Structure formats: C-alpha cells, structure tokens
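Student: Data: query_33.tsv, TSV, C-alpha atoms and all ligand atoms.
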```tsv
chain	number	residue	atom	x	y	z
A	41	MET	CA	-94.42	159.85	196.19
A	42	LYS	CA	-93.25	156.34	196.83
A	43	ALA	CA	-91.35	154.64	194.03
A	44	ASN	CA	-93.44	151.92	192.52
A	45	PHE	CA	-90.87	149.36	191.54
A	46	PRO	CA	-92.13	147.02	188.90
A	47	PHE	CA	-90.06	144.06	190.06
A	48	ARG	CA	-90.66	141.66	192.93
A	49	PRO	CA	-89.46	142.63	196.42
A	50	GLU	CA	-85.81	142.34	197.29
A	51	PRO	CA	-84.88	139.26	199.30
A	52	VAL	CA	-81.83	141.24	200.37
A	53	ASN	CA	-82.57	144.45	202.10
A	54	LEU	CA	-79.64	146.38	200.63
A	55	LYS	CA	-80.59	149.64	202.29
A	56	HIS	CA	-80.34	148.24	205.77
A	57	GLY	CA	-77.58	145.80	204.94
A	58	LYS	CA	-79.47	142.77	206.23
A	59	PRO	CA	-78.28	139.48	204.79
A	60	CYS	CA	-80.50	137.55	202.41
A	61	PRO	CA	-82.69	135.03	204.28
A	62	TYR	CA	-82.14	132.47	201.50
A	63	CYS	CA	-78.34	132.51	201.19
A	64	GLY	CA	-77.15	134.57	204.15
A	65	GLY	CA	-75.45	136.90	201.68
A	66	SER	CA	-73.24	134.25	200.00
A	67	GLY	CA	-75.16	134.42	196.72
A	68	TRP	CA	-75.59	130.62	196.74
A	69	GLU	CA	-78.75	128.89	197.87
A	70	THR	CA	-78.90	125.27	199.04
A	71	GLN	CA	-81.94	123.29	198.02
A	72	SER	CA	-82.86	119.90	199.45
A	73	LEU	CA	-83.70	117.55	196.63
A	74	GLU	CA	-84.52	113.81	196.66
A	75	HIS	CA	-80.95	112.82	195.75
A	76	GLY	CA	-79.40	115.22	198.27
A	77	PRO	CA	-78.73	118.92	198.61
A	78	GLN	CA	-78.12	121.03	195.53
A	79	VAL	CA	-76.40	124.38	195.48
A	80	LYS	CA	-77.52	127.00	192.98
A	81	ARG	CA	-77.31	130.73	192.45
A	82	CYS	CA	-79.53	132.41	195.00
A	83	ARG	CA	-82.71	134.11	193.87
A	84	CYS	CA	-81.28	137.40	195.20
A	85	TYR	CA	-78.34	137.31	192.78
A	86	GLY	CA	-80.05	138.80	189.71
A	87	GLU	CA	-81.92	141.32	191.81
A	88	GLN	CA	-78.72	142.50	193.44
A	89	ARG	CA	-77.06	142.93	190.08
A	90	ARG	CA	-80.02	144.97	188.82
A	91	GLN	CA	-79.98	147.14	191.92
A	92	ARG	CA	-76.25	147.69	191.48
A	93	LEU	CA	-76.73	148.62	187.81
A	94	TYR	CA	-79.40	151.09	188.85
A	95	GLN	CA	-77.05	152.68	191.41
A	96	GLU	CA	-74.27	152.85	188.84
A	97	ALA	CA	-76.51	154.53	186.25
A	98	ARG	CA	-76.08	157.85	188.12
A	99	ILE	CA	-79.76	158.76	187.89
A	100	PRO	CA	-80.24	161.95	189.95
A	101	LYS	CA	-82.39	161.50	193.04
A	102	LYS	CA	-84.94	164.05	191.86
A	103	PHE	CA	-85.76	161.73	188.95
A	104	SER	CA	-85.92	158.52	190.98
A	105	ASP	CA	-89.71	158.25	190.61
A	106	CYS	CA	-89.69	158.67	186.83
A	107	ARG	CA	-91.35	155.64	185.23
A	108	LEU	CA	-93.01	155.11	181.88
A	109	ASP	CA	-96.35	154.39	183.54
A	110	ASN	CA	-96.38	157.67	185.47
A	111	PHE	CA	-95.35	159.80	182.51
A	112	GLU	CA	-97.79	162.65	182.08
A	113	VAL	CA	-99.02	163.23	178.54
A	114	TYR	CA	-101.27	165.99	179.80
A	115	GLU	CA	-100.42	169.63	180.23
A	116	GLY	CA	-101.95	172.26	182.47
A	117	THR	CA	-104.05	171.77	185.60
A	118	GLY	CA	-107.74	171.62	186.53
A	119	ASN	CA	-110.05	172.63	183.71
A	120	ASN	CA	-107.09	173.61	181.56
A	121	LYS	CA	-105.66	170.08	181.68
A	122	LYS	CA	-105.41	168.82	178.11
A	123	ILE	CA	-103.56	166.07	176.34
A	124	ASN	CA	-100.43	167.21	174.51
A	125	HIS	CA	-100.45	165.24	171.26
A	126	ASP	CA	-96.72	165.82	170.89
A	127	LEU	CA	-96.16	163.65	173.96
A	128	SER	CA	-97.99	160.42	173.15
A	129	PRO	CA	-95.81	159.28	170.20
A	130	PRO	CA	-92.49	159.59	172.09
A	131	HIS	CA	-94.11	157.90	175.11
A	132	GLU	CA	-95.26	154.97	172.96
A	133	VAL	CA	-91.86	154.64	171.30
A	134	ALA	CA	-90.11	154.74	174.69
A	135	LYS	CA	-92.29	151.85	175.91
A	136	LYS	CA	-91.57	149.94	172.74
A	137	LEU	CA	-87.82	150.46	173.10
A	138	VAL	CA	-87.83	149.04	176.65
A	139	LYS	CA	-89.97	146.10	175.59
A	140	LYS	CA	-87.93	145.21	172.52
A	141	TYR	CA	-84.47	145.90	173.92
A	142	PRO	CA	-81.84	144.61	172.93
A	143	ALA	CA	-83.52	144.10	169.54
A	144	VAL	CA	-83.31	147.83	168.90
A	145	ASN	CA	-81.07	149.61	166.41
A	146	LYS	CA	-81.79	153.29	167.01
A	147	GLY	CA	-81.73	155.54	170.04
A	148	LEU	CA	-84.17	158.34	170.78
A	149	PHE	CA	-83.79	162.09	170.59
A	150	PHE	CA	-86.32	164.26	172.42
A	151	MET	CA	-86.15	167.91	171.45
A	152	GLY	CA	-88.46	170.44	172.98
A	153	SER	CA	-89.49	173.14	175.33
A	154	ARG	CA	-88.35	173.11	178.94
A	155	GLY	CA	-90.69	171.26	181.28
A	156	VAL	CA	-92.52	168.99	178.83
A	157	GLY	CA	-91.04	165.84	180.36
A	158	LYS	CA	-88.15	164.97	178.06
A	159	THR	CA	-85.86	164.04	180.94
A	160	HIS	CA	-88.61	162.07	182.67
A	161	LEU	CA	-89.01	159.95	179.57
A	162	ALA	CA	-85.27	159.40	179.08
A	163	VAL	CA	-84.74	158.50	182.76
A	164	ALA	CA	-87.77	156.19	182.79
A	165	ILE	CA	-86.30	154.20	179.92
A	166	ILE	CA	-82.97	153.55	181.61
A	167	THR	CA	-84.60	152.96	185.00
A	168	GLU	CA	-86.69	150.18	183.50
A	169	LEU	CA	-83.82	148.81	181.43
A	170	THR	CA	-81.58	148.49	184.51
A	171	LEU	CA	-84.20	147.27	186.99
A	172	ASN	CA	-86.25	145.01	184.72
A	173	LYS	CA	-83.76	143.85	182.14
A	174	GLY	CA	-80.36	144.17	183.84
A	175	VAL	CA	-78.95	146.45	181.14
A	176	PRO	CA	-75.94	148.63	182.07
A	177	CYS	CA	-77.01	152.25	181.55
A	178	LEU	CA	-75.61	155.67	182.37
A	179	PHE	CA	-77.17	159.11	182.85
A	180	TYR	CA	-75.24	162.32	182.29
A	181	ASP	CA	-76.40	165.89	182.26
A	182	PHE	CA	-74.24	167.28	179.50
A	183	MET	CA	-73.10	170.35	181.46
A	184	ASP	CA	-72.15	168.17	184.43
A	185	LEU	CA	-70.19	165.91	182.13
A	186	LEU	CA	-68.21	168.84	180.73
A	187	LYS	CA	-67.56	170.13	184.26
A	188	GLU	CA	-66.40	166.70	185.41
A	189	ILE	CA	-64.03	166.41	182.47
A	190	ARG	CA	-62.70	169.90	183.05
A	191	ARG	CA	-61.99	169.04	186.69
A	192	THR	CA	-59.74	166.18	185.60
A	193	TYR	CA	-57.34	168.73	184.06
A	194	ASP	CA	-56.40	169.72	187.61
A	195	PRO	CA	-53.09	167.96	188.31
A	196	ASN	CA	-54.43	166.90	191.74
A	197	SER	CA	-57.52	165.25	190.27
A	198	PRO	CA	-57.83	161.57	191.23
A	199	THR	CA	-59.61	160.72	187.97
A	200	SER	CA	-58.55	161.13	184.38
A	201	GLU	CA	-60.40	162.52	181.38
A	202	PHE	CA	-60.01	159.11	179.77
A	203	SER	CA	-61.67	157.23	182.64
A	204	ILE	CA	-64.75	159.44	182.43
A	205	LEU	CA	-65.01	159.38	178.66
A	206	GLU	CA	-64.39	155.64	178.56
A	207	LYS	CA	-67.54	155.02	180.63
A	208	VAL	CA	-69.58	157.43	178.53
A	209	VAL	CA	-68.56	156.00	175.18
A	210	THR	CA	-68.78	152.32	176.12
A	211	LYS	CA	-71.86	152.05	178.37
A	212	GLU	CA	-74.51	149.94	176.69
A	213	VAL	CA	-77.21	152.63	176.94
A	214	LEU	CA	-76.41	156.29	177.57
A	215	VAL	CA	-78.69	159.21	178.35
A	216	LEU	CA	-77.20	162.60	177.49
A	217	ASP	CA	-79.48	165.18	179.03
A	218	ASP	CA	-79.70	168.77	177.83
A	219	LEU	CA	-77.50	168.58	174.76
A	220	GLY	CA	-76.52	171.97	173.44
A	221	ALA	CA	-76.75	173.72	176.79
A	222	TRP	CA	-73.15	174.81	176.77
A	223	LYS	CA	-71.06	177.68	175.60
A	224	ILE	CA	-69.84	176.58	172.21
A	225	THR	CA	-66.10	176.34	171.99
A	226	ASP	CA	-63.88	174.08	169.91
A	227	TRP	CA	-63.28	172.04	173.04
A	228	THR	CA	-66.94	171.38	173.86
A	229	ARG	CA	-67.66	170.57	170.24
A	230	ASP	CA	-64.73	168.14	170.12
A	231	ILE	CA	-65.95	166.36	173.25
A	232	VAL	CA	-69.51	165.90	172.02
A	233	ASN	CA	-68.35	164.83	168.54
A	234	TYR	CA	-66.00	162.29	170.09
A	235	ILE	CA	-68.72	160.76	172.29
A	236	ILE	CA	-71.38	160.62	169.61
A	237	ASN	CA	-69.09	159.27	166.89
A	238	LYS	CA	-67.64	156.58	169.15
A	239	ARG	CA	-71.11	155.41	170.16
A	240	TYR	CA	-72.27	155.55	166.56
A	241	ASN	CA	-69.37	153.36	165.44
A	242	GLU	CA	-70.10	150.81	168.17
A	243	SER	CA	-73.86	150.85	167.39
A	244	LEU	CA	-74.67	151.68	171.01
A	245	ILE	CA	-78.06	153.07	171.95
A	246	THR	CA	-78.00	156.74	172.98
A	247	ILE	CA	-80.97	158.68	174.31
A	248	ILE	CA	-80.64	162.44	174.04
A	249	THR	CA	-82.67	165.39	175.21
A	250	SER	CA	-82.26	169.00	174.13
A	251	ASN	CA	-84.08	172.26	174.66
A	252	TRP	CA	-82.95	173.27	171.19
A	253	MET	CA	-85.08	172.39	168.19
A	254	ASP	CA	-84.91	172.32	164.42
A	255	ASN	CA	-88.03	174.47	164.34
A	256	PRO	CA	-87.82	176.68	167.42
A	257	GLN	CA	-90.97	178.18	168.86
A	258	GLY	CA	-89.59	181.71	168.81
A	259	MET	CA	-88.73	182.98	165.32
A	260	ASP	CA	-85.47	184.59	166.43
A	261	GLU	CA	-84.24	181.61	168.44
A	262	GLU	CA	-81.17	179.67	167.41
A	263	THR	CA	-81.83	176.27	165.88
A	264	LEU	CA	-80.31	173.02	167.12
A	265	THR	CA	-77.98	173.01	164.10
A	266	ASP	CA	-76.80	176.53	165.02
A	267	ARG	CA	-75.87	175.15	168.43
A	268	ILE	CA	-74.22	171.85	167.57
A	269	GLY	CA	-73.15	172.18	163.94
A	270	VAL	CA	-74.29	170.47	160.74
A	271	ARG	CA	-72.13	167.35	161.04
A	272	LEU	CA	-73.27	166.41	164.51
A	273	ARG	CA	-76.86	167.25	163.67
A	274	SER	CA	-76.92	164.79	160.77
A	275	ARG	CA	-75.12	162.12	162.80
A	276	LEU	CA	-77.81	162.31	165.49
A	277	HIS	CA	-80.45	162.02	162.81
A	278	GLU	CA	-78.86	158.76	161.66
A	279	MET	CA	-78.59	157.18	165.10
A	280	CYS	CA	-81.81	158.31	166.79
A	281	GLN	CA	-85.51	158.41	166.17
A	282	GLU	CA	-86.38	162.07	166.72
A	283	PHE	CA	-89.28	163.89	168.33
A	284	GLU	CA	-89.95	167.59	168.62
A	285	ILE	CA	-92.20	168.25	171.61
A	286	LYS	CA	-93.81	171.66	171.83
A	287	ALA	CA	-95.52	173.17	174.85
A	288	LYS	CA	-99.24	173.24	174.24
A	289	ASP	CA	-99.73	176.68	175.76
A	290	TYR	CA	-97.51	178.12	173.10
A	291	ARG	CA	-99.31	176.40	170.23
A	292	MET	CA	-102.71	177.52	171.49
A	293	LYS	CA	-101.45	181.08	171.78
A	294	LYS	CA	-99.95	180.85	168.33
A	295	LYS	CA	-103.24	179.59	166.87
A	296	LYS	CA	-105.13	182.51	168.41
A	297	GLU	CA	-102.61	184.97	167.07
A	298	THR	CA	-102.90	183.47	163.58
A	299	SER	CA	-106.68	183.49	163.53
A	300	PHE	CA	-106.63	187.03	164.87
A	301	SER	CA	-104.28	188.25	162.16
A	302	LYS	CA	-106.34	186.43	159.52
A	303	LYS	CA	-109.46	188.30	160.59
A	304	ARG	CA	-107.76	191.62	160.14
B	1	ZN	ZN	-79.58	135.34	198.55
```
What do you get writing this file as structure tokens?

Tutor:
Amino acid sequence: MKANFPFRPEPVNLKHGKPCPYCGGSGWETQSLEHGPQVKRCRCYGEQRRQRLYQEARIPKKFSDCRLDNFEVYEGTGNNKKINHDLSPPHEVAKKLVKKYPAVNKGLFFMGSRGVGKTHLAVAIITELTLNKGVPCLFYDFMDLLKEIRRTYDPNSPTSEFSILEKVVTKEVLVLDDLGAWKITDWTRDIVNYIINKRYNESLITIITSNWMDNPQGMDEETLTDRIGVRLRSRLHEMCQEFEIKAKDYRMKKKKETSFSKKR
C-alpha cells in the first residue's frame, strides 16, 4: 500500500537527493518584488524539517502506513466483519489529540489484546504530529529500549545509557510500545519508573500501549498492576487517558458461554 501523506508534495526530493527547484538546496528563496529582490526562507524549509522529524522519530518501517484515517475499527473478515465498539472511542480521542496539540495535558494509554491495533493508533498519532505539525516525537518498543540500554553497559559501546535515556525522557511526545512485556527485575522496574516519572514531572505527553490489562480476558492472567507495580500503575492513570480494548471474538464467545450456563 502506498503511503498517503496528508501534506503537500515535497519540493525537495529527499529520497533521490535532488536539490529544491526553488532554492537549489540553500533553504533561501529569492522573490522578485516591485522594489527589488527579496530573500526569504524557502517553501521547502518547513517540509524538510518535518521530514527530518519523521525520520528521527524511529517509527519502524512496518508501521509506516499507519494513519488515523486508515485505522480499522472493524474486526473479522467477510460476513464476520463487525465494528469493535472498544475501538471507536480511542480512535476519536487520538484524532482529537492530534488536532488540539499542543493544547493537550494528558497522554493516552491503550491496553488490550494483541492485534487490535493499539500500535497502529499510537504510531498514527506521532506520524501526523511530526509530518503535519512539526512536533518532535519518538517511538520505542519497550523491549528494544531495554536491550539498547543494556548494550551500552559494554565497555566498547559507542553510546551511553545517559544519551539514550536523555532522548526518551525529554522528547516532546513519546510512544512506549508494549509496556510490561519484560521480565520483571529491579533494574527494568527502575528504568521504567525513571522514564515515566521524569516525563510526568516535565508534563510531557506520553502514549503507551500494553498487552496487559486491569481486567484481563482470561481469569488466571496477571493484571497490569501485577506486571508493573502499584506505584507506576497509578502514575500512568494520572498522566494518561486510558482505554481497555478487548478482542470482539473473545467477548462474543464469552457471551455465548454465559447465556449457555444461564440456561442450565
Ligand atoms: Zn527550497
């Protein structure tokens, strides 16, 4: 599928490195006015910055087509295709966040089953914030972040733990994907507490996804609080608007089971 960029076409073809036809790549455009030529910032300047912000956001290639307008609120295929009513509210709120940003004071937290589109939604928000509004954003899969930090402990590592964490705690908008998907140790808990508390103190917008829920679909499953601890759980509640998204298949099955057991 071809990415449908919502902004006007690039005057600078960055991919092929061709210079801008308006400024020749200098970033300054000369206009002929009545009283003589006038030099101003080239029209490509803002676009280039937005493209650069998008590149710097570290959005994985497999999510490069994720937009808010191609987010699927339906589940299933063919005749089984039905709207998932858990998906429309977070979709609406995501659109609102992009529209209102920076006049926003809470992030978003999407909890839910694997495959319902949590990451799509989170990525779509930062894609549109970088490309349409020029907002510096950053995407991190939480496991990858932990691995990257761990690698810096190697004495030969060219980067430091600080340089990675610095980016994560200061970036204007951060997506932390798959929170809770790690083996819980004091170290991992310290890292996540540090990031979340720093961002909370600086009132920065954080968008989080997690496969763990407060009310898991399986009765014997661990809850989100079991995974991340009470303190962090309540901190996330303060800084994010939260949504629990359940897979429809499961709910339909559950309903059948309930009505079946009622009959007996
Ligand atoms: Zn130009």

Student: Could you tell me which of A:Asp218, A:Asp260, A:Glu74, A:Asp184 comes closest to Ser153 (chain A) if we count all atoms listed in the file?

Tutor: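 Closest to Ser153 (chain A) of all the choices is A:Asp218.
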
Student: Between CA of Lys173 (chain A) and CA of Glu132 (chain A), what is the spacing in Å?

Tutor: 18.4 Å

Student: Using CA of Leu137 (chain A) and CA of Asn241 (chain A) as the two end points, give the distance in Å to one decimal.

Tutor: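 We find that CA of Leu137 (chain A) and CA of Asn241 (chain A) lie 20.2 Å from each other.
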
Student: Please compute the CA of Phe150 (chain A)-CA of Val113 (chain A) distance, one decimal, in Å.

Tutor: 14.1 Å

Student: Given all atoms listed in the file as the basis, pick out the residue of A:Tyr94, A:Tyr114, A:Asn172, A:Tyr180 nearest to Asp126 (chain A).

Tutor: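 Residue with the minimum atom-to-atom distance to Asp126 (chain A): A:Tyr114.
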
Student: Which polymer residues, whether protein, DNA or RNA, lie within 7 Å of the coordinate (-76.0, 146.8, 174.5) when you count all atoms listed in the file? List them as JSON, numbers by chain, using the chain letters and numbers from the file.

Tutor: {"A": [142, 212, 213, 244]}

Student: Throw together the list of residues within 8 Å of ligand ZN 1 (chain B), counting all atoms listed in the file, and drop it here as a list in words.

Tutor: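 Listing the residues within 8 Å of ligand ZN 1 (chain B) gives Pro51, Val52, Pro59, Cys60, Pro61, Tyr62, Cys63, Gly64, Gly65, Ser66, Gly67, Trp68, Glu69, Arg81, Cys82, Arg83, Cys84 and Tyr85 of chain A.
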
Student: Which is closer to Gly174 (chain A) than all the others in A:Glu96, A:Glu262, A:Glu278, A:Asp254, using all atoms listed in the file?

Tutor: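 Of A:Glu96, A:Glu262, A:Glu278, A:Asp254, the one nearest Gly174 (chain A) is A:Glu96, counting all atoms listed in the file.
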
Student: May I ask which of the residues A:Ala221, A:Ala97, A:Leu276, A:Ala164 is the closest one to Leu186 (chain A), counting only C-alpha atoms?

Tutor: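 Smallest separation from Leu186 (chain A) among the options: A:Ala221.
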